[in-house]
Structure formats: C-alpha cells, structure tokens
Amino acid sequence: MVIEGVELRPAPPTDAEVLALTTAQQAELAAMYGEDQPLVGLHPDIAFTLLTLDGAPVGCVGLQPVAPGLGEIKRMYVAPSARGWGLSRILLEAVEASARTGGMTRLRLETGTKQVEAIALYTNHGYRPTPPYPPFEHEIASLCYAKDI
C-alpha cells in the first residue's frame, strides 16, 4: 500500500518524535483503561520505526527482542488525526519486515480488550490469540496474540 507523503525511518527509543508519540499513546491508554495499568518497560535493544506524513511524525512501532527468533511488537501507535488511512497496516508490515531481516521467526504482542480497531488489524493480518505472557497473565483487559512470520 502506498500513501502519498508517507515516509518510514528507523529511530532509537530516545528519539524526541518517538517519545512524543509513545507518551501520547500511553496517555490514551490511561484514559481508556485507567491509571492503574502496569507500565511495561522497554528492552534496551528495542528498535523503533517512525512514520511521517508530509514530514510530520504521526505513527511509530517498536520491535523488541525477547528470545532467539522471537520479537514483540511494542508501542504501535497512530495519532488520532492520522487514523483511518491505513497507516497502521503500513507500520505492521514494516515491523514484520524488520523482524524477518533480524532473523525473527515469530512475533507476539499485547493489546487491550477495548482496542477493537487494533484487534481487527492484528487478526486480519494473521495474528492469533495466545495465552497471556508475563507481565500480562493477570491483566483482565489484556489480549495477547502471536504470528509466525
């Protein structure tokens, strides 16, 4: 899928634009699920992909190594002003390509029960429900998915 004005670039987790987007994502999740949700730290080797639209940062996704061959999708986010154009699909395809390039054969992720658009995106792209993994095994609002890539 090609959308005019979209660019993807790798970015470290310390990138100011990535930090702004992930902070907005965490605020949106806190508003949706409450402030008592666990804040899960990121692995120091996480790699982000930043999506810009006409030069403005509007989305990001992190690829976190977990174990040999296994990666986790973290902090996938598209700003509300840029939703509905298929940008999340572009981010998902980009993170899967990065995972394959990095030798990963399986990706997993966690999302929430109220994030129906995210659930639809993941299931439509071949992600299947899996048992919750730590630290989500006791979170009733968490749903975990995985896909062999």
# chains A, B, ... in the order shown; residues from 1 in each chain; ligands from 1
call {"tool": "residues_around", "arguments": {"residues": "Leu143 of chain A", "least_positions_apart": "4", "cutoff": "12 Å", "atoms": "only C-alpha atoms", "output": "short mmCIF file (atom, residue, chain, number, x, y, z; two decimals) with N, CA and C atoms, in the first residue's frame"}}
result
data_model
loop_
_atom_site.label_atom_id
_atom_site.label_comp_id
_atom_site.auth_asym_id
_atom_site.auth_seq_id
_atom_site.Cartn_x
_atom_site.Cartn_y
_atom_site.Cartn_z
N ARG A 108 5.07 -11.55 18.75
CA ARG A 108 3.95 -11.54 19.68
C ARG A 108 3.62 -10.10 20.03
N LEU A 109 2.44 -9.91 20.62
CA LEU A 109 2.03 -8.58 21.03
C LEU A 109 0.93 -8.69 22.08
N GLU A 110 0.73 -7.59 22.77
CA GLU A 110 -0.36 -7.46 23.74
C GLU A 110 -1.15 -6.23 23.37
N THR A 111 -2.46 -6.35 23.42
CA THR A 111 -3.34 -5.21 23.22
C THR A 111 -4.45 -5.32 24.25
N GLY A 112 -5.36 -4.38 24.23
CA GLY A 112 -6.42 -4.37 25.23
C GLY A 112 -7.78 -4.70 24.66
N THR A 113 -8.65 -5.14 25.53
CA THR A 113 -10.00 -5.56 25.13
C THR A 113 -10.82 -4.44 24.53
N LYS A 114 -10.51 -3.18 24.86
CA LYS A 114 -11.27 -2.04 24.34
C LYS A 114 -10.72 -1.50 23.02
N GLN A 115 -9.61 -2.05 22.55
CA GLN A 115 -8.96 -1.56 21.34
C GLN A 115 -9.42 -2.40 20.14
N VAL A 116 -10.69 -2.24 19.79
CA VAL A 116 -11.30 -3.10 18.77
C VAL A 116 -10.65 -2.91 17.39
N ALA A 118 -7.47 -2.23 16.84
CA ALA A 118 -6.19 -2.95 16.91
C ALA A 118 -6.43 -4.45 16.81
N ILE A 119 -7.42 -4.95 17.51
CA ILE A 119 -7.73 -6.38 17.45
C ILE A 119 -8.05 -6.78 16.01
N TYR A 122 -4.80 -6.81 13.83
CA TYR A 122 -3.92 -7.95 14.07
C TYR A 122 -4.54 -9.25 13.56
N THR A 123 -5.80 -9.48 13.84
CA THR A 123 -6.41 -10.74 13.39
C THR A 123 -6.51 -10.79 11.86
N TYR A 127 -2.50 -12.68 13.00
CA TYR A 127 -2.14 -12.88 14.40
C TYR A 127 -3.26 -13.66 15.07
N ARG A 128 -2.87 -14.63 15.89
CA ARG A 128 -3.84 -15.50 16.55
C ARG A 128 -3.72 -15.35 18.06
N PRO A 129 -4.86 -15.46 18.77
CA PRO A 129 -4.82 -15.36 20.23
C PRO A 129 -3.88 -16.41 20.84
N THR A 130 -3.16 -15.97 21.85
CA THR A 130 -2.28 -16.87 22.61
C THR A 130 -2.55 -16.66 24.09
N PRO A 131 -2.14 -17.60 24.92
CA PRO A 131 -2.26 -17.36 26.36
C PRO A 131 -1.45 -16.12 26.75
N PRO A 132 -1.93 -15.37 27.73
CA PRO A 132 -1.19 -14.18 28.17
C PRO A 132 0.20 -14.56 28.68
N TYR A 133 1.16 -13.75 28.37
CA TYR A 133 2.54 -13.96 28.82
C TYR A 133 2.88 -12.86 29.82
N PRO A 134 3.90 -13.09 30.67
CA PRO A 134 4.27 -12.08 31.66
C PRO A 134 4.66 -10.77 31.00
N PRO A 135 4.27 -9.67 31.55
CA PRO A 135 3.57 -9.46 32.82
C PRO A 135 2.06 -9.33 32.68
N PHE A 136 1.47 -9.85 31.62
CA PHE A 136 0.05 -9.65 31.34
C PHE A 136 -0.85 -10.79 31.80
N GLU A 137 -0.30 -11.84 32.38
CA GLU A 137 -1.09 -13.03 32.69
C GLU A 137 -2.21 -12.79 33.69
N HIS A 138 -2.17 -11.72 34.46
CA HIS A 138 -3.22 -11.44 35.43
C HIS A 138 -4.02 -10.18 35.09
N GLU A 139 -3.79 -9.62 33.91
CA GLU A 139 -4.48 -8.41 33.48
C GLU A 139 -5.74 -8.79 32.70
#
call {"tool": "select_by_dssp", "arguments": {"residues": "chain A", "states": "alpha helix (DSSP H)", "output": "compact mmCIF listing (two decimals) with N, CA, C and O atoms, in the first residue's frame"}}
result
# COMPACT_ATOMS: atom_id res chain seq x y z
N ALA A 16 13.15 12.15 19.98
CA ALA A 16 12.13 13.06 20.53
C ALA A 16 10.75 12.82 19.91
O ALA A 16 9.73 12.88 20.61
N GLU A 17 10.71 12.53 18.62
CA GLU A 17 9.41 12.31 17.97
C GLU A 17 8.80 10.98 18.41
O GLU A 17 7.59 10.89 18.64
N VAL A 18 9.62 9.96 18.57
CA VAL A 18 9.14 8.67 19.09
C VAL A 18 8.64 8.85 20.52
O VAL A 18 7.56 8.35 20.89
N LEU A 19 9.39 9.57 21.32
CA LEU A 19 8.98 9.80 22.72
C LEU A 19 7.64 10.55 22.79
O LEU A 19 6.78 10.22 23.61
N ALA A 20 7.45 11.53 21.93
CA ALA A 20 6.18 12.27 21.92
C ALA A 20 5.03 11.35 21.54
O ALA A 20 3.95 11.40 22.17
N LEU A 21 5.22 10.50 20.54
CA LEU A 21 4.16 9.59 20.12
C LEU A 21 3.87 8.53 21.18
O LEU A 21 2.70 8.23 21.47
N THR A 22 4.91 7.94 21.77
CA THR A 22 4.67 6.90 22.77
C THR A 22 4.08 7.49 24.05
O THR A 22 3.27 6.83 24.71
N THR A 23 4.41 8.72 24.37
CA THR A 23 3.79 9.39 25.52
C THR A 23 2.31 9.62 25.25
O THR A 23 1.47 9.39 26.13
N ALA A 24 1.97 10.04 24.04
CA ALA A 24 0.57 10.23 23.67
C ALA A 24 -0.18 8.90 23.72
O ALA A 24 -1.32 8.83 24.19
N GLN A 25 0.46 7.83 23.26
CA GLN A 25 -0.16 6.51 23.30
C GLN A 25 -0.45 6.09 24.74
O GLN A 25 -1.54 5.61 25.05
N GLN A 26 0.53 6.26 25.61
CA GLN A 26 0.34 5.85 27.00
C GLN A 26 -0.76 6.68 27.67
O GLN A 26 -1.55 6.16 28.47
N ALA A 27 -0.86 7.96 27.34
CA ALA A 27 -1.93 8.81 27.88
C ALA A 27 -3.29 8.35 27.38
O ALA A 27 -4.27 8.31 28.14
N GLU A 28 -3.37 7.98 26.10
CA GLU A 28 -4.62 7.50 25.54
C GLU A 28 -5.05 6.19 26.21
O GLU A 28 -6.23 6.00 26.54
N LEU A 29 -4.08 5.30 26.45
CA LEU A 29 -4.40 4.03 27.12
C LEU A 29 -4.82 4.26 28.57
O LEU A 29 -5.73 3.58 29.06
N ALA A 30 -4.18 5.20 29.25
CA ALA A 30 -4.55 5.50 30.64
C ALA A 30 -5.98 6.04 30.70
O ALA A 30 -6.74 5.70 31.60
N ALA A 31 -6.35 6.87 29.73
CA ALA A 31 -7.72 7.39 29.68
C ALA A 31 -8.73 6.28 29.40
O ALA A 31 -9.85 6.30 29.91
N MET A 32 -8.33 5.30 28.61
CA MET A 32 -9.21 4.21 28.22
C MET A 32 -9.37 3.15 29.32
O MET A 32 -10.47 2.67 29.59
N TYR A 33 -8.26 2.82 29.98
CA TYR A 33 -8.25 1.70 30.94
C TYR A 33 -8.05 2.12 32.39
O TYR A 33 -8.17 1.29 33.28
N LEU A 87 -2.50 3.66 7.84
CA LEU A 87 -1.12 3.83 8.30
C LEU A 87 -0.71 2.73 9.26
O LEU A 87 0.46 2.32 9.29
N SER A 88 -1.64 2.21 10.05
CA SER A 88 -1.30 1.11 10.97
C SER A 88 -0.89 -0.13 10.19
O SER A 88 0.01 -0.87 10.61
N ARG A 89 -1.51 -0.38 9.06
CA ARG A 89 -1.12 -1.51 8.22
C ARG A 89 0.31 -1.33 7.70
O ARG A 89 1.09 -2.27 7.64
N ILE A 90 0.64 -0.11 7.32
CA ILE A 90 2.00 0.18 6.85
C ILE A 90 3.00 -0.07 7.97
O ILE A 90 4.06 -0.68 7.74
N LEU A 91 2.69 0.38 9.17
CA LEU A 91 3.58 0.15 10.32
C LEU A 91 3.72 -1.34 10.62
O LEU A 91 4.82 -1.82 10.90
N LEU A 92 2.61 -2.07 10.57
CA LEU A 92 2.65 -3.50 10.87
C LEU A 92 3.51 -4.24 9.84
O LEU A 92 4.34 -5.08 10.19
N GLU A 93 3.33 -3.92 8.57
CA GLU A 93 4.15 -4.55 7.53
C GLU A 93 5.62 -4.19 7.70
O GLU A 93 6.50 -5.04 7.49
N ALA A 94 5.91 -2.97 8.11
CA ALA A 94 7.29 -2.55 8.31
C ALA A 94 7.94 -3.29 9.47
O ALA A 94 9.09 -3.73 9.38
N VAL A 95 7.22 -3.46 10.57
CA VAL A 95 7.81 -4.13 11.73
C VAL A 95 8.00 -5.63 11.43
O VAL A 95 8.98 -6.23 11.87
N GLU A 96 7.08 -6.21 10.68
CA GLU A 96 7.26 -7.61 10.30
C GLU A 96 8.48 -7.78 9.39
O GLU A 96 9.26 -8.73 9.57
N ALA A 97 8.68 -6.87 8.45
CA ALA A 97 9.85 -6.92 7.57
C ALA A 97 11.14 -6.76 8.39
O ALA A 97 12.11 -7.49 8.17
N SER A 98 11.14 -5.85 9.35
CA SER A 98 12.32 -5.65 10.20
C SER A 98 12.61 -6.91 11.02
O SER A 98 13.77 -7.29 11.19
N ALA A 99 11.56 -7.54 11.52
CA ALA A 99 11.73 -8.76 12.30
C ALA A 99 12.35 -9.87 11.45
O ALA A 99 13.28 -10.55 11.89
N ARG A 100 11.85 -10.04 10.24
CA ARG A 100 12.40 -11.06 9.35
C ARG A 100 13.87 -10.77 9.05
O ARG A 100 14.71 -11.67 9.09
N THR A 101 14.18 -9.52 8.75
CA THR A 101 15.56 -9.13 8.47
C THR A 101 16.46 -9.43 9.67
O THR A 101 17.62 -9.81 9.49
N VAL A 116 -10.69 -2.24 19.79
CA VAL A 116 -11.30 -3.10 18.77
C VAL A 116 -10.65 -2.91 17.39
O VAL A 116 -10.53 -3.87 16.63
N GLU A 117 -10.20 -1.72 17.07
CA GLU A 117 -9.54 -1.50 15.79
C GLU A 117 -8.21 -2.25 15.75
O GLU A 117 -7.85 -2.84 14.72
N ALA A 118 -7.47 -2.23 16.84
CA ALA A 118 -6.19 -2.95 16.91
C ALA A 118 -6.43 -4.45 16.81
O ALA A 118 -5.71 -5.15 16.07
N ILE A 119 -7.42 -4.95 17.51
CA ILE A 119 -7.73 -6.38 17.45
C ILE A 119 -8.05 -6.78 16.01
O ILE A 119 -7.55 -7.79 15.51
N ALA A 120 -8.86 -5.99 15.33
CA ALA A 120 -9.21 -6.28 13.94
C ALA A 120 -7.97 -6.25 13.05
O ALA A 120 -7.79 -7.12 12.19
N LEU A 121 -7.11 -5.26 13.23
CA LEU A 121 -5.89 -5.16 12.43
C LEU A 121 -5.05 -6.42 12.59
O LEU A 121 -4.64 -7.03 11.60
N TYR A 122 -4.80 -6.81 13.83
CA TYR A 122 -3.92 -7.95 14.07
C TYR A 122 -4.54 -9.25 13.56
O TYR A 122 -3.86 -10.03 12.89
N THR A 123 -5.80 -9.48 13.84
CA THR A 123 -6.41 -10.74 13.39
C THR A 123 -6.51 -10.79 11.86
O THR A 123 -6.32 -11.84 11.27
N ASN A 124 -6.77 -9.65 11.23
CA ASN A 124 -6.82 -9.61 9.77
C ASN A 124 -5.45 -9.84 9.12
O ASN A 124 -5.38 -10.14 7.94
call {"tool": "residues_around", "arguments": {"residues": "segment 47-49 of chain A", "least_positions_apart": "5", "cutoff": "8 Å", "atoms": "only C-alpha atoms", "output": "PyMOL selection string"}}
result
chain A and resi 8-13+18+60-64+91+94-95
call {"tool": "write_last_selection", "arguments": {"atoms": "N, CA and C atoms", "output": "tab-separated table (two decimals), in the first residue's frame"}}
result
chain	number	residue	atom	x	y	z
A	8	LEU	N	8.95	6.19	6.14
A	8	LEU	CA	9.32	5.39	7.30
A	8	LEU	C	10.81	5.54	7.52
A	9	ARG	N	11.20	5.61	8.78
A	9	ARG	CA	12.63	5.65	9.08
A	9	ARG	C	12.89	5.00	10.43
A	10	PRO	N	14.03	4.34	10.56
A	10	PRO	CA	14.38	3.78	11.87
A	10	PRO	C	14.67	4.91	12.86
A	11	ALA	N	14.37	4.64	14.12
A	11	ALA	CA	14.60	5.64	15.16
A	11	ALA	C	14.89	4.94	16.48
A	12	PRO	N	15.78	5.50	17.28
A	12	PRO	CA	16.03	4.93	18.61
A	12	PRO	C	14.88	5.28	19.55
A	13	PRO	N	14.76	4.56	20.65
A	13	PRO	CA	13.68	4.87	21.60
A	13	PRO	C	13.83	6.24	22.26
A	18	VAL	N	9.62	9.96	18.57
A	18	VAL	CA	9.14	8.67	19.09
A	18	VAL	C	8.64	8.85	20.52
A	60	CYS	N	4.28	5.29	15.04
A	60	CYS	CA	5.50	4.57	15.37
A	60	CYS	C	5.16	3.15	15.78
A	61	VAL	N	6.19	2.31	15.74
A	61	VAL	CA	6.08	0.94	16.22
A	61	VAL	C	7.46	0.50	16.67
A	62	GLY	N	7.49	-0.26	17.77
A	62	GLY	CA	8.75	-0.79	18.28
A	62	GLY	C	8.85	-2.28	18.06
A	63	LEU	N	10.07	-2.74	17.82
A	63	LEU	CA	10.36	-4.17	17.71
A	63	LEU	C	11.34	-4.50	18.82
A	64	GLN	N	10.87	-5.28	19.78
A	64	GLN	CA	11.66	-5.61	20.96
A	64	GLN	C	12.08	-7.08	20.89
A	91	LEU	N	2.69	0.38	9.17
A	91	LEU	CA	3.58	0.15	10.32
A	91	LEU	C	3.72	-1.34	10.62
A	94	ALA	N	5.91	-2.97	8.11
A	94	ALA	CA	7.29	-2.55	8.31
A	94	ALA	C	7.94	-3.29	9.47
A	95	VAL	N	7.22	-3.46	10.57
A	95	VAL	CA	7.81	-4.13	11.73
A	95	VAL	C	8.00	-5.63	11.43
call {"tool": "atom_distance", "arguments": {"atom1": "atom CA of Ala82 of chain A", "atom2": "atom CA of Val58 of chain A"}}
result
6.5 Å
call {"tool": "select_by_dssp", "arguments": {"residues": "segment 6-108 of chain A", "states": "strand (DSSP E)", "output": "PyMOL selection string"}}
result
chain A and resi 6-11+47-53+56-67+70-78+106-108
call {"tool": "closest_residue", "arguments": {"among": "A:Gly86, A:Gly34, A:Gly71, A:Pro65", "to": "Val6 of chain A", "atoms": "only C-alpha atoms"}}
result
A:Gly86
call {"tool": "closest_residue", "arguments": {"among": "A:Asp148, A:Glu7, A:Glu72, A:Asp15", "to": "Leu42 of chain A", "atoms": "only C-alpha atoms"}}
result
A:Glu72
